[in-house]
$ cat upload-v8.cif   # mmCIF, C-alpha atoms
data_target
#
loop_
_atom_site.group_PDB
_atom_site.id
_atom_site.type_symbol
_atom_site.label_atom_id
_atom_site.label_comp_id
_atom_site.auth_asym_id
_atom_site.auth_seq_id
_atom_site.Cartn_x
_atom_site.Cartn_y
_atom_site.Cartn_z
ATOM 1 C CA MET A 2 -42.825 22.098 10.390
ATOM 2 C CA LYS A 3 -39.868 20.008 9.333
ATOM 3 C CA THR A 4 -36.211 19.965 10.190
ATOM 4 C CA PRO A 5 -33.746 20.549 7.332
ATOM 5 C CA ARG A 6 -32.822 16.856 7.519
ATOM 6 C CA GLU A 7 -36.415 15.756 7.096
ATOM 7 C CA THR A 8 -36.899 18.227 4.255
ATOM 8 C CA LEU A 9 -33.799 17.015 2.450
ATOM 9 C CA LEU A 10 -34.438 13.291 2.899
ATOM 10 C CA ALA A 11 -38.104 13.583 1.930
ATOM 11 C CA ARG A 12 -37.059 15.226 -1.317
ATOM 12 C CA HIS A 13 -35.061 12.143 -2.318
ATOM 13 C CA ARG A 14 -37.142 9.332 -0.881
ATOM 14 C CA ALA A 15 -38.349 8.469 -4.369
ATOM 15 C CA ALA A 16 -34.849 7.244 -5.246
ATOM 16 C CA GLU A 17 -34.912 4.589 -2.526
ATOM 17 C CA SER A 18 -35.903 1.718 -4.828
ATOM 18 C CA LYS A 19 -32.909 2.478 -7.049
ATOM 19 C CA LEU A 20 -30.680 2.741 -4.001
ATOM 20 C CA ASP A 21 -31.966 -0.633 -2.795
ATOM 21 C CA ALA A 22 -30.979 -2.143 -6.139
ATOM 22 C CA ILE A 23 -27.510 -0.626 -5.879
ATOM 23 C CA ARG A 24 -27.134 -1.892 -2.336
ATOM 24 C CA GLU A 25 -28.143 -5.412 -3.349
ATOM 25 C CA THR A 26 -25.637 -5.381 -6.213
ATOM 26 C CA VAL A 27 -22.787 -4.311 -3.969
ATOM 27 C CA VAL A 28 -23.726 -6.749 -1.199
ATOM 28 C CA ALA A 29 -23.908 -9.538 -3.805
ATOM 29 C CA SER A 30 -20.359 -8.667 -4.843
ATOM 30 C CA VAL A 31 -19.304 -8.882 -1.177
ATOM 31 C CA ARG A 32 -20.960 -12.305 -0.924
ATOM 32 C CA GLU A 33 -19.273 -13.481 -4.111
ATOM 33 C CA ARG A 34 -15.907 -12.246 -2.932
ATOM 34 C CA ARG A 35 -16.390 -14.087 0.347
ATOM 35 C CA VAL A 36 -17.306 -17.340 -1.423
ATOM 36 C CA HIS A 37 -14.504 -17.333 -3.969
ATOM 37 C CA SER A 38 -11.563 -15.678 -2.445
ATOM 38 C CA PRO A 39 -10.852 -16.512 1.184
ATOM 39 C CA ALA A 40 -9.028 -19.844 1.380
ATOM 40 C CA VAL A 41 -7.075 -19.771 -1.874
ATOM 41 C CA THR A 42 -6.221 -16.094 -1.768
ATOM 42 C CA ARG A 43 -5.227 -16.213 1.889
ATOM 43 C CA ARG A 44 -3.009 -19.246 1.298
ATOM 44 C CA ARG A 45 -1.430 -17.558 -1.719
ATOM 45 C CA HIS A 46 -0.816 -14.405 0.297
ATOM 46 C CA HIS A 47 0.715 -16.404 3.157
ATOM 47 C CA PHE A 48 3.045 -18.211 0.749
ATOM 48 C CA ARG A 49 4.081 -14.926 -0.844
ATOM 49 C CA ASP A 50 4.709 -13.373 2.581
ATOM 50 C CA LEU A 51 6.799 -16.377 3.559
ATOM 51 C CA LEU A 52 8.898 -16.095 0.405
ATOM 52 C CA VAL A 53 9.403 -12.385 0.922
ATOM 53 C CA SER A 54 10.457 -12.855 4.544
ATOM 54 C CA LEU A 55 12.991 -15.580 3.575
ATOM 55 C CA ARG A 56 14.370 -13.792 0.525
ATOM 56 C CA TRP A 57 17.887 -13.247 1.930
ATOM 57 C CA HIS A 58 18.163 -16.813 3.189
ATOM 58 C CA LEU A 59 17.014 -18.122 -0.154
ATOM 59 C CA ALA A 60 19.466 -15.887 -2.008
ATOM 60 C CA GLY A 61 22.355 -17.123 0.179
ATOM 61 C CA MET A 62 21.372 -20.746 -0.287
ATOM 62 C CA SER A 63 21.119 -20.250 -4.047
ATOM 63 C CA ALA A 64 24.609 -18.724 -4.152
ATOM 64 C CA ALA A 65 26.020 -21.646 -2.133
ATOM 65 C CA TRP A 66 24.411 -24.165 -4.451
ATOM 66 C CA LEU A 67 25.779 -22.296 -7.452
ATOM 67 C CA VAL A 68 29.324 -22.518 -6.055
ATOM 68 C CA ILE A 69 28.869 -26.236 -5.369
ATOM 69 C CA VAL A 70 27.649 -26.865 -8.917
ATOM 70 C CA LEU A 71 30.588 -24.919 -10.394
ATOM 71 C CA LEU A 72 33.079 -26.874 -8.293
ATOM 72 C CA ASN A 73 31.485 -30.138 -9.398
ATOM 73 C CA LEU A 74 31.800 -29.097 -13.029
ATOM 74 C CA ASN A 75 35.527 -28.362 -12.557
ATOM 75 C CA ILE A 76 36.155 -31.738 -10.929
ATOM 76 C CA SER A 77 34.351 -33.683 -13.632
ATOM 77 C CA HIS A 78 36.637 -32.074 -16.329
ATOM 78 C CA PRO A 79 40.172 -32.123 -14.761
ATOM 79 C CA ALA A 80 42.897 -30.096 -16.532
ATOM 80 C CA SER A 81 45.826 -32.392 -15.498
ATOM 81 C CA PRO A 82 46.515 -35.194 -13.030
ATOM 82 C CA ALA A 83 48.192 -32.664 -10.763
ATOM 83 C CA THR A 84 44.940 -30.799 -10.335
ATOM 84 C CA MET A 85 43.329 -33.993 -9.135
ATOM 85 C CA MET A 86 45.870 -34.290 -6.286
ATOM 86 C CA PRO A 87 44.478 -32.940 -3.114
ATOM 87 C CA ALA A 88 46.176 -29.729 -2.107
ATOM 88 C CA ALA A 89 46.948 -31.043 1.361
ATOM 89 C CA LYS A 90 49.138 -33.893 -0.017
ATOM 90 C CA ILE A 91 51.477 -31.733 -2.161
ATOM 91 C CA PRO A 92 54.695 -31.024 -0.172
ATOM 92 C CA PRO A 93 56.161 -27.531 -0.135
ATOM 93 C CA PRO A 94 58.554 -26.577 -3.047
ATOM 94 C CA GLN A 95 61.740 -26.561 -0.836
ATOM 95 C CA ILE A 96 61.219 -30.200 0.080
ATOM 96 C CA ILE A 97 60.573 -31.120 -3.539
ATOM 97 C CA LEU A 98 63.804 -29.369 -4.651
ATOM 98 C CA ALA A 99 65.837 -31.046 -1.893
ATOM 99 C CA SER A 100 64.536 -34.470 -2.785
ATOM 100 C CA LEU A 101 65.240 -33.842 -6.476
ATOM 101 C CA ARG A 102 68.871 -32.910 -5.632
ATOM 102 C CA GLU A 103 69.178 -36.040 -3.507
ATOM 103 C CA ASN A 104 67.827 -38.191 -6.324
ATOM 104 C CA ARG A 105 70.269 -36.649 -8.776
ATOM 105 C CA ARG A 106 73.208 -37.254 -6.439
ATOM 106 C CA GLU A 107 72.255 -40.882 -5.939
ATOM 107 C CA LEU A 108 71.853 -41.354 -9.669
ATOM 108 C CA LEU A 109 75.346 -39.949 -10.314
ATOM 109 C CA GLU A 110 76.846 -42.206 -7.675
ATOM 110 C CA MET A 111 75.272 -45.221 -9.307
ATOM 111 C CA ILE A 112 76.503 -44.313 -12.822
ATOM 112 C CA GLN A 113 80.171 -43.621 -11.868
ATOM 113 C CA PRO A 114 82.463 -46.676 -10.993
ATOM 114 C CA ALA A 115 83.760 -47.039 -7.465
ATOM 115 C CA GLU A 116 87.559 -46.756 -8.387
ATOM 116 C CA SER A 117 87.222 -43.578 -10.266
ATOM 117 C CA ARG A 118 85.374 -42.265 -7.407
ATOM 118 C CA ALA A 119 88.192 -43.366 -4.989
ATOM 119 C CA ALA A 120 91.276 -42.311 -7.113
ATOM 120 C CA PRO A 121 92.406 -38.745 -7.031
ATOM 121 C CA PRO A 122 91.674 -36.814 -10.132
ATOM 122 C CA VAL A 123 94.323 -37.208 -12.941
ATOM 123 C CA LYS A 124 96.261 -34.091 -13.589
ATOM 124 C CA LEU A 125 96.879 -33.386 -17.237
ATOM 125 C CA PHE A 126 100.015 -31.510 -18.243
ATOM 126 C CA PRO A 127 101.275 -30.217 -21.604
ATOM 127 C CA ARG A 128 103.968 -32.464 -23.217
ATOM 128 C CA SER A 129 106.839 -30.137 -22.338
ATOM 129 C CA GLU A 130 105.886 -30.027 -18.700
ATOM 130 C CA ARG A 131 105.524 -33.799 -18.147
ATOM 131 C CA PRO A 132 107.407 -35.234 -15.203
ATOM 132 C CA ARG A 133 110.991 -36.499 -16.032
ATOM 133 C CA GLU A 134 110.896 -40.079 -14.722
ATOM 134 C CA THR A 135 108.655 -41.218 -17.435
ATOM 135 C CA LEU A 136 111.285 -40.183 -19.955
ATOM 136 C CA THR A 137 114.219 -41.983 -18.262
ATOM 137 C CA ALA A 138 112.412 -45.247 -17.874
ATOM 138 C CA MET B 20 -34.210 13.939 18.048
ATOM 139 C CA LEU B 21 -31.749 13.148 15.328
ATOM 140 C CA VAL B 22 -30.120 9.735 15.521
ATOM 141 C CA VAL B 23 -26.612 9.882 14.161
ATOM 142 C CA ALA B 24 -24.248 7.150 13.096
ATOM 143 C CA GLU B 25 -21.744 7.551 15.888
ATOM 144 C CA ARG B 26 -24.363 6.943 18.566
ATOM 145 C CA GLU B 27 -25.709 3.822 16.900
ATOM 146 C CA GLN B 28 -24.482 0.284 17.248
ATOM 147 C CA LEU B 29 -23.366 -0.394 13.715
ATOM 148 C CA PRO B 30 -21.971 -3.782 12.642
ATOM 149 C CA VAL B 31 -18.694 -2.320 11.397
ATOM 150 C CA SER B 32 -16.456 -5.053 12.830
ATOM 151 C CA GLN B 33 -18.591 -7.722 11.156
ATOM 152 C CA ALA B 34 -18.342 -5.783 7.896
ATOM 153 C CA ARG B 35 -14.576 -5.776 8.282
ATOM 154 C CA ALA B 36 -14.751 -9.564 8.480
ATOM 155 C CA GLY B 37 -16.623 -9.569 5.162
ATOM 156 C CA GLU B 38 -20.102 -10.345 6.506
ATOM 157 C CA PRO B 39 -22.590 -9.547 3.688
ATOM 158 C CA ALA B 40 -25.416 -8.999 6.190
ATOM 159 C CA ALA B 41 -23.333 -6.384 8.020
ATOM 160 C CA TRP B 42 -22.630 -4.511 4.804
ATOM 161 C CA ASP B 43 -26.294 -4.668 3.927
ATOM 162 C CA ALA B 44 -27.221 -3.099 7.268
ATOM 163 C CA LEU B 45 -24.581 -0.376 6.924
ATOM 164 C CA PHE B 46 -25.547 0.529 3.380
ATOM 165 C CA HIS B 47 -29.216 0.497 4.282
ATOM 166 C CA ARG B 48 -28.524 2.938 7.095
ATOM 167 C CA TYR B 49 -26.555 5.370 4.916
ATOM 168 C CA GLN B 50 -27.914 5.001 1.395
ATOM 169 C CA LEU B 51 -30.512 7.780 1.528
ATOM 170 C CA PRO B 52 -28.470 10.400 3.473
ATOM 171 C CA LEU B 53 -25.495 9.676 1.235
ATOM 172 C CA TYR B 54 -27.551 9.958 -1.931
ATOM 173 C CA THR B 55 -29.135 13.187 -0.649
ATOM 174 C CA TYR B 56 -25.708 14.663 0.055
ATOM 175 C CA VAL B 57 -24.296 13.648 -3.319
ATOM 176 C CA PHE B 58 -27.376 14.719 -5.260
ATOM 177 C CA GLU B 59 -27.445 18.174 -3.671
ATOM 178 C CA LEU B 60 -23.850 18.622 -4.744
ATOM 179 C CA VAL B 61 -23.948 17.267 -8.300
ATOM 180 C CA ASN B 62 -27.634 17.916 -9.148
ATOM 181 C CA ASN B 63 -27.997 14.900 -11.397
ATOM 182 C CA GLU B 64 -29.849 11.715 -10.540
ATOM 183 C CA GLN B 65 -27.861 9.249 -12.623
ATOM 184 C CA THR B 66 -24.511 10.757 -11.613
ATOM 185 C CA SER B 67 -25.573 10.636 -7.964
ATOM 186 C CA LEU B 68 -26.592 6.972 -8.209
ATOM 187 C CA ASP B 69 -23.275 6.165 -9.895
ATOM 188 C CA LEU B 70 -21.355 8.006 -7.192
ATOM 189 C CA VAL B 71 -23.230 6.227 -4.410
ATOM 190 C CA GLN B 72 -22.443 2.869 -5.996
ATOM 191 C CA GLU B 73 -18.774 3.824 -6.436
ATOM 192 C CA THR B 74 -18.685 4.937 -2.801
ATOM 193 C CA PHE B 75 -20.130 1.638 -1.586
ATOM 194 C CA LEU B 76 -17.680 -0.390 -3.668
ATOM 195 C CA ALA B 77 -14.759 1.729 -2.464
ATOM 196 C CA ALA B 78 -15.920 1.250 1.135
ATOM 197 C CA VAL B 79 -15.910 -2.539 0.717
ATOM 198 C CA ARG B 80 -12.462 -2.438 -0.867
ATOM 199 C CA HIS B 81 -10.861 -0.064 1.632
ATOM 200 C CA ILE B 82 -12.548 -0.947 4.930
ATOM 201 C CA GLY B 83 -9.101 -1.955 6.195
ATOM 202 C CA GLY B 84 -8.120 1.733 6.120
ATOM 203 C CA LEU B 85 -10.831 2.716 8.637
ATOM 204 C CA ARG B 86 -9.107 3.208 11.985
ATOM 205 C CA GLU B 87 -12.088 3.569 14.322
ATOM 206 C CA ASP B 88 -15.329 1.689 13.839
ATOM 207 C CA GLY B 89 -17.259 4.568 15.419
ATOM 208 C CA LYS B 90 -16.230 6.855 12.567
ATOM 209 C CA PHE B 91 -17.674 4.715 9.795
ATOM 210 C CA GLY B 92 -20.290 7.349 8.879
ATOM 211 C CA SER B 93 -17.862 10.239 8.447
ATOM 212 C CA TRP B 94 -15.419 7.918 6.671
ATOM 213 C CA LEU B 95 -18.119 6.873 4.171
ATOM 214 C CA PHE B 96 -19.148 10.478 3.550
ATOM 215 C CA GLY B 97 -15.467 11.325 3.126
ATOM 216 C CA ILE B 98 -15.202 8.805 0.289
ATOM 217 C CA ALA B 99 -18.340 10.208 -1.345
ATOM 218 C CA HIS B 100 -17.039 13.761 -0.936
ATOM 219 C CA GLN B 101 -13.768 12.892 -2.667
ATOM 220 C CA LYS B 102 -15.686 11.325 -5.526
ATOM 221 C CA CYS B 103 -17.791 14.498 -5.842
ATOM 222 C CA ILE B 104 -14.622 16.600 -5.910
ATOM 223 C CA GLN B 105 -13.239 14.491 -8.744
ATOM 224 C CA ARG B 106 -16.505 15.066 -10.611
ATOM 225 C CA TRP B 107 -16.458 18.828 -9.940
ATOM 226 C CA ARG B 108 -12.890 19.081 -11.099
ATOM 227 C CA LYS B 109 -13.853 17.529 -14.390
ATOM 228 C CA GLN B 110 -16.910 19.768 -14.818
ATOM 229 C CA ASN B 111 -16.286 23.137 -13.241
ATOM 230 C CA ARG B 112 -12.919 23.662 -11.688
ATOM 231 C CA GLU B 113 -13.369 27.395 -11.125
ATOM 232 C CA GLU B 114 -16.511 27.024 -9.059
ATOM 233 C CA PHE B 115 -14.949 24.373 -6.880
ATOM 234 C CA LEU B 116 -11.820 26.372 -6.261
ATOM 235 C CA ARG B 117 -13.666 29.570 -5.328
ATOM 236 C CA GLU B 118 -13.064 30.211 -1.648
ATOM 237 C CA GLU B 119 -15.146 32.341 0.596
ATOM 238 C CA ILE B 120 -13.663 34.672 3.211
ATOM 239 C CA ALA B 121 -12.481 32.640 6.170
ATOM 240 C CA GLY B 122 -12.005 33.603 9.763
ATOM 241 C CA ALA B 123 -15.486 34.555 10.920
ATOM 242 C CA SER B 124 -16.309 33.080 14.274
ATOM 243 C CA ALA B 125 -19.497 31.053 14.370
ATOM 244 C CA ASP B 126 -21.930 30.354 17.148
ATOM 245 C CA PHE B 127 -22.849 26.669 17.345
ATOM 246 C CA ASP B 128 -25.022 26.647 20.418
ATOM 247 C CA GLU B 129 -27.952 25.588 18.303
ATOM 248 C CA GLY B 130 -28.272 22.225 16.538
ATOM 249 C CA PRO B 131 -29.278 21.540 12.945
ATOM 250 C CA ASP B 132 -32.841 20.780 13.997
ATOM 251 C CA ASP B 133 -33.290 24.206 15.523
ATOM 252 C CA VAL B 134 -33.925 25.580 12.066
ATOM 253 C CA LEU B 135 -37.474 24.566 11.300
ATOM 254 C CA ILE B 136 -38.919 24.900 7.845
ATOM 255 C CA ARG B 137 -42.575 25.296 7.028
ATOM 256 C CA ARG B 138 -44.049 23.467 4.032
ATOM 257 C CA GLU B 139 -44.348 26.691 2.000
ATOM 258 C CA GLN B 140 -40.697 27.477 2.734
ATOM 259 C CA GLU B 141 -39.311 24.155 1.516
ATOM 260 C CA ALA B 142 -38.912 25.121 -2.120
ATOM 261 C CA GLU B 143 -37.221 28.362 -1.219
ATOM 262 C CA PHE B 144 -35.031 26.537 1.298
ATOM 263 C CA MET B 145 -33.796 24.192 -1.429
ATOM 264 C CA ASN B 146 -33.410 27.092 -3.815
ATOM 265 C CA ARG B 147 -31.255 28.968 -1.322
ATOM 266 C CA LEU B 148 -29.268 25.853 -0.555
ATOM 267 C CA ASN B 149 -28.503 25.334 -4.218
ATOM 268 C CA ARG B 150 -27.417 28.929 -4.627
ATOM 269 C CA LEU B 151 -24.702 28.545 -2.011
ATOM 270 C CA ALA B 152 -21.126 28.076 -3.191
ATOM 271 C CA LEU B 153 -20.233 24.388 -3.373
ATOM 272 C CA PRO B 154 -17.880 24.338 -0.347
ATOM 273 C CA GLN B 155 -20.535 26.071 1.795
ATOM 274 C CA ARG B 156 -23.254 23.777 0.503
ATOM 275 C CA ALA B 157 -21.185 20.673 1.246
ATOM 276 C CA VAL B 158 -20.528 21.790 4.820
ATOM 277 C CA LEU B 159 -24.157 22.705 5.461
ATOM 278 C CA LEU B 160 -25.453 19.430 4.010
ATOM 279 C CA LEU B 161 -23.131 17.388 6.199
ATOM 280 C CA TYR B 162 -24.288 19.400 9.171
ATOM 281 C CA PHE B 163 -27.978 19.053 8.382
ATOM 282 C CA VAL B 164 -28.123 15.504 7.029
ATOM 283 C CA GLU B 165 -25.917 13.657 9.515
ATOM 284 C CA ASP B 166 -25.297 16.225 12.261
ATOM 285 C CA PHE B 167 -21.547 15.798 11.892
ATOM 286 C CA SER B 168 -19.385 17.867 14.201
ATOM 287 C CA VAL B 169 -17.067 20.593 12.898
ATOM 288 C CA GLU B 170 -14.098 18.246 13.337
ATOM 289 C CA GLU B 171 -15.819 15.482 11.411
ATOM 290 C CA ILE B 172 -16.826 17.850 8.612
ATOM 291 C CA ALA B 173 -13.245 19.103 8.509
ATOM 292 C CA ARG B 174 -12.033 15.530 8.135
ATOM 293 C CA ILE B 175 -14.596 14.687 5.444
ATOM 294 C CA THR B 176 -13.920 17.791 3.374
ATOM 295 C CA LYS B 177 -10.195 17.864 4.162
ATOM 296 C CA THR B 178 -10.331 21.515 5.237
ATOM 297 C CA PRO B 179 -9.192 23.185 8.483
ATOM 298 C CA PRO B 180 -11.863 23.341 11.244
ATOM 299 C CA GLY B 181 -11.680 27.163 11.186
ATOM 300 C CA THR B 182 -12.672 27.188 7.539
ATOM 301 C CA VAL B 183 -15.533 24.773 8.237
ATOM 302 C CA LYS B 184 -16.810 27.051 11.016
ATOM 303 C CA SER B 185 -16.664 30.030 8.714
ATOM 304 C CA ARG B 186 -18.510 28.232 5.917
ATOM 305 C CA LEU B 187 -21.190 27.031 8.311
ATOM 306 C CA TYR B 188 -21.620 30.487 9.734
ATOM 307 C CA TYR B 189 -22.255 32.116 6.369
ATOM 308 C CA ALA B 190 -24.435 29.296 5.087
ATOM 309 C CA LYS B 191 -26.635 29.313 8.178
ATOM 310 C CA LYS B 192 -26.852 33.060 8.137
ATOM 311 C CA SER B 193 -28.107 32.928 4.593
ATOM 312 C CA LEU B 194 -30.760 30.305 5.428
ATOM 313 C CA ARG B 195 -31.818 32.039 8.607
ATOM 314 C CA LYS B 196 -32.476 35.144 6.575
ATOM 315 C CA LEU B 197 -34.884 33.109 4.448
ATOM 316 C CA VAL B 198 -36.794 31.824 7.479
ATOM 317 C CA GLU B 199 -37.089 35.317 8.916
ATOM 318 C CA GLU B 200 -38.070 36.902 5.603
ATOM 319 C CA THR B 201 -40.899 34.436 4.985
ATOM 320 C CA LYS B 202 -42.337 34.538 8.510
#

$ encode --input "upload-v8.cif" --output "structure tokens"
Amino acid sequence: MKTPRETLLARHRAAESKLDAIRETVVASVRERRVHSPAVTRRRHHFRDLLVSLRWHLAGMSAAWLVIVLLNLNISHPASPATMMPAAKIPPPQIILASLRENRRELLEMIQPAESRAAPPVKLFPRSERPRETLTA
Amino acid sequence: MLVVAEREQLPVSQARAGEPAAWDALFHRYQLPLYTYVFELVNNEQTSLDLVQETFLAAVRHIGGLREDGKFGSWLFGIAHQKCIQRWRKQNREEFLREEIAGASADFDEGPDDVLIRREQEAEFMNRLNRLALPQRAVLLLYFVEDFSVEEIARITKTPPGTVKSRLYYAKKSLRKLVEETK
């Protein structure tokens, strides 16, 4: 008398040599995988994991470097001397206007003679309205 | 007394670590039961050998997906079962999809070894087994070959435990009839 298990297994025992061959093939593939893969693959996986975990930091750093490079390009090709002046040294427009007015006033003072500046302005009249004394003299 | 995978000390953790000797021991333990199970489902030697090899390779590749080392046996049979299903679907979809009536309550007080078969009954036993619908046959084979529990068979075949109980009930009833008829 046999159990169903014994009956079933006995029926297929003849295939055991083929199964042994299959087992050896698969185990050989395990052995090969173990020999070739571990160190390199593990290191590659670790590096990839590291890159993935730092992706946002790397993206931010790349953006910062991009901005720096663009700024450097702008500085190396200046549009005018004014652009080269540091922004902090340019005075506000009101002060510039005031100093320009002051310069203009000083320039005018230098051009005009001192007497003309001191004498009252000459009044010009039409011939008929000229003062009388000039006629009697 | 039947020795089943879950009660044995199997080198599953070593296999996880990629130890070839551990895989060799595991495959040696399961190769014949697995082949028997697959063969009785597909009824072709070359196809069965191919499926066993595919199962072993898949086990090596996906060992990381095994949650509990103690369930290696049912996990391995689960892989083989899925491969058989893929084969059935290609060959005979209708037969695979045929469902038997579910819901019958089964009595599982007896173990798989309680059914004893005499030499002259063996051929008829196999004949009856092969005449069972594929889902019933799969359940009965898992029960006989590895003494898997209803829960384990449910997990392997991806069916509810109630359905497994029902399938087992009808399959055993059919085989019991044989034993009684030929007494």

$ resolve_selection --input "upload-v8.cif" --expression "the PyMOL selection byres ((chain A) within 12 of (chain B))" --output "ChimeraX atom specification"
/A:2-36,38-39

$ residues_around --input "upload-v8.cif" --residues "Glu87 in chain B" --least-positions-apart "4" --cutoff "10 Å" --atoms "only C-alpha atoms" --output "PDB file with C-alpha atoms, keeping the file's coordinate frame"
ATOM      1  CA  VAL B  31     -18.694  -2.320  11.397  1.00  0.00           C
ATOM      2  CA  SER B  32     -16.456  -5.053  12.830  1.00  0.00           C
ATOM      3  CA  PHE B  91     -17.674   4.715   9.795  1.00  0.00           C
ATOM      4  CA  TRP B  94     -15.419   7.918   6.671  1.00  0.00           C
TER       5      TRP B  94
END

$ atom_distance --input "upload-v8.cif" --atom1 "CA of Arg106 in chain B" --atom2 "CA of Leu29 in chain B"
29.6 Å

$ axis_aligned_box --input "upload-v8.cif" --around "range 38-57 of chain B" --padding-each-side "5 Å" --output "lines of an AutoDock Vina configuration file"
center_x = -25.3
center_y = 2.2
center_z = 2.4
size_x = 20.4
size_y = 35.0
size_z = 21.3

$ atom_distance --input "upload-v8.cif" --atom1 "CA of Ile175 in chain B" --atom2 "CA of Leu70 in chain B"
15.8 Å

$ atom_distance --input "upload-v8.cif" --atom1 "CA of Asn146 in chain B" --atom2 "CA of Asn62 in chain B"
12.1 Å

$ residues_around --input "upload-v8.cif" --residues "Leu151 in chain B" --least-positions-apart "3" --cutoff "12 Å" --atoms "all atoms listed in the file" --output "compact mmCIF listing (two decimals) with C-alpha atoms, in the frame of the given file"
# COMPACT_ATOMS: atom_id res chain seq x y z
CA GLU B 59 -27.44 18.17 -3.67
CA LEU B 60 -23.85 18.62 -4.74
CA GLU B 114 -16.51 27.02 -9.06
CA PHE B 115 -14.95 24.37 -6.88
CA ARG B 117 -13.67 29.57 -5.33
CA GLU B 118 -13.06 30.21 -1.65
CA GLU B 119 -15.15 32.34 0.60
CA PHE B 144 -35.03 26.54 1.30
CA MET B 145 -33.80 24.19 -1.43
CA ASN B 146 -33.41 27.09 -3.82
CA ARG B 147 -31.26 28.97 -1.32
CA LEU B 148 -29.27 25.85 -0.56
CA PRO B 154 -17.88 24.34 -0.35
CA GLN B 155 -20.54 26.07 1.80
CA ARG B 156 -23.25 23.78 0.50
CA ALA B 157 -21.18 20.67 1.25
CA VAL B 158 -20.53 21.79 4.82
CA LEU B 159 -24.16 22.70 5.46
CA LEU B 160 -25.45 19.43 4.01
CA ARG B 186 -18.51 28.23 5.92
CA LEU B 187 -21.19 27.03 8.31
CA TYR B 189 -22.26 32.12 6.37
CA ALA B 190 -24.44 29.30 5.09
CA LYS B 191 -26.64 29.31 8.18
CA LYS B 192 -26.85 33.06 8.14
CA SER B 193 -28.11 32.93 4.59
CA LEU B 194 -30.76 30.30 5.43
